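K.L.:
One structure, pasted below without further comment.
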Amino acid sequence: VIDGVSADPVIIPRSEHGVSRKNIDEPALKVLYRLHKAGYQACLVGGAVRDLLLGRHPKDFDVATDATPEEVSKLFRNCRLIGRRFRLAHIHFGRQVIEVATFRAPHGEQHEEHHDESGRILRDNVYGEIHDDVWRRDFTANALYYNIADFSIIDYVGGVEDIANKRLRLIGDQETRYREDPVRMLRTLRFAAKLDFEIEPGSRDPILELAPLLAGIPAARLFDEF
């Protein structure tokens with residue numbers, strides 16, 4: 001275990017969790033099945049898995065895969081690639097958009113030029129594997145992967161337990177994670193209020209000290225978070 005991320009995930013089989021395909025929107029299932037059929041790893045990830053475990057209907061269905069954005073684009077005619085900092089595939093079904101992200105790796109020393117002097121990430125297109133991708137997630141509750149191959153949930157960080165205990169916990173060293181992206185401080189408060197979760201002390205305490213870093217964030221990103 002490194003900073004709360006286990007090298008070997010807990011695999012929760014379909015018989016032991018409450019996520020059902022009947023509660024997943026049809027477009028998201030189409031994307032997951034087509035990626036899987038093409039030989040790629042395909043998982044529902046993030047808030048959708050969290051909300052399904054909480055018995056809520058997700059607002060968005062996001063997919064993570066080992067296919068590159070270009071490979072995703074070849075599988076879907078209704079796909080548009082967007083973003084520079086995060087290269088993403090948006091697959092359009094009428095008004096609904098399914099966002100597909102390639103697994104991303106953490107930043108090592110070779111990527112120092114991607115950070116500014118305060119530690120904030122500026123660019124982030126280093127692709128990796130699913131166990132790397134966990135580090136790109138913010139909270140344990142948002143770092144669960146629903147694997148369409150066998151309908152299991154992959155949990156590297158104890159996220160299922162934290163959801164059961166209504167606990168909001170940042171992955172990794174909290175101060176480092178807030179410095180990488182100060183907007184995470186706003187996200188922490190927003191998710192705690194939205195989900196009625198308690199912020200665990202290690203994730204709560206650095207916020208007062210690091211809050212001034214939000215002054216360096218573009219207004220548009222702050223607006224999006226609000």
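By order of appearance in the structure tokens: chains A, B, ..., then residues from 1 within every chain, and ligands from 1 in the order shown.
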Skipping near chain neighbours, those fewer than 5 positions away, what residues fall within 6 Å of Gly128 in chain A using only C-alpha atoms, listed as a ChimeraX atom specification?
P.N.:
/A:103-105
K.L.:
List as a PDB file with C-alpha atoms, in the first residue's frame the protein and nucleic acid residues near range 150-164 of chain A, meaning an atom at most 8 Å away when only C-alpha atoms are counted, but skip any in the same chain fewer than 6 places from it.
P.N.:
```
ATOM      1  CA  GLY A   4      -3.584   4.433   0.690  1.00  0.00           C
ATOM      2  CA  VAL A   5      -3.463   2.899  -2.800  1.00  0.00           C
ATOM      3  CA  SER A   6      -3.075  -0.878  -2.789  1.00  0.00           C
ATOM      4  CA  ALA A   7      -0.951  -2.623  -5.430  1.00  0.00           C
ATOM      5  CA  ASP A   8      -3.545  -5.403  -5.502  1.00  0.00           C
ATOM      6  CA  PRO A   9      -7.138  -4.240  -5.753  1.00  0.00           C
ATOM      7  CA  VAL A  10     -10.115  -5.736  -4.014  1.00  0.00           C
ATOM      8  CA  ILE A  11     -12.342  -7.259  -6.700  1.00  0.00           C
ATOM      9  CA  ILE A  12     -15.976  -7.201  -5.594  1.00  0.00           C
ATOM     10  CA  PRO A  13     -17.965  -9.710  -7.683  1.00  0.00           C
ATOM     11  CA  ARG A  14     -21.421  -8.953  -9.081  1.00  0.00           C
ATOM     12  CA  HIS A  17     -22.484  -5.269  -4.778  1.00  0.00           C
ATOM     13  CA  ARG A  50     -20.419   5.967  -6.393  1.00  0.00           C
ATOM     14  CA  LEU A  53     -23.752   2.225  -4.873  1.00  0.00           C
ATOM     15  CA  LEU A  54     -25.646   4.944  -2.970  1.00  0.00           C
ATOM     16  CA  HIS A 131      -3.621   0.832 -11.419  1.00  0.00           C
ATOM     17  CA  VAL A 134      -6.318   5.559  -9.614  1.00  0.00           C
ATOM     18  CA  THR A 140     -11.625   7.187  -2.709  1.00  0.00           C
ATOM     19  CA  ALA A 141     -15.392   7.339  -3.318  1.00  0.00           C
ATOM     20  CA  ASN A 142     -14.707   8.474  -6.907  1.00  0.00           C
ATOM     21  CA  ALA A 143     -11.983   5.905  -7.638  1.00  0.00           C
ATOM     22  CA  LEU A 144     -14.062   2.780  -8.195  1.00  0.00           C
ATOM     23  CA  ILE A 171      -6.299   9.761  -2.220  1.00  0.00           C
TER      24      ILE A 171
END
```
K.L.:
Which residues are near range 18-30 of chain A? Cut-off 12 Å, only C-alpha atoms, ignore same chain within fewer than 2 positions. Put them as a PyMOL selection string.
P.N.:
chain A and resi 12-16+32-37+42-45+48-64+75-76+78+90-100+144-153+160+164
K.L.:
Please, which residues of range 109-211 of chain A, numbered as in this document, come out strand (DSSP E) from DSSP, as a list in words?
P.N.:
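Checking each residue of range 109-211 of chain A, the strand (DSSP E) ones are Leu144, Tyr145, Tyr146, Asn147, Ser152, Ile153, Ile154, Asp155, Arg167, Leu168, Glu198 and Ile199 of chain A.
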K.L.:
Could you state the separation of CA of Arg187 in chain A and CA of Leu214 in chain A in Å, given to one decimal place?
P.N.:
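CA of Arg187 in chain A sits 12.0 Å away from CA of Leu214 in chain A.
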K.L.:
So what do you get for CA of Asp133 in chain A versus CA of Ala215 in chain A, distance-wise?
P.N.:
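We find that CA of Asp133 in chain A and CA of Ala215 in chain A lie 28.0 Å from each other.
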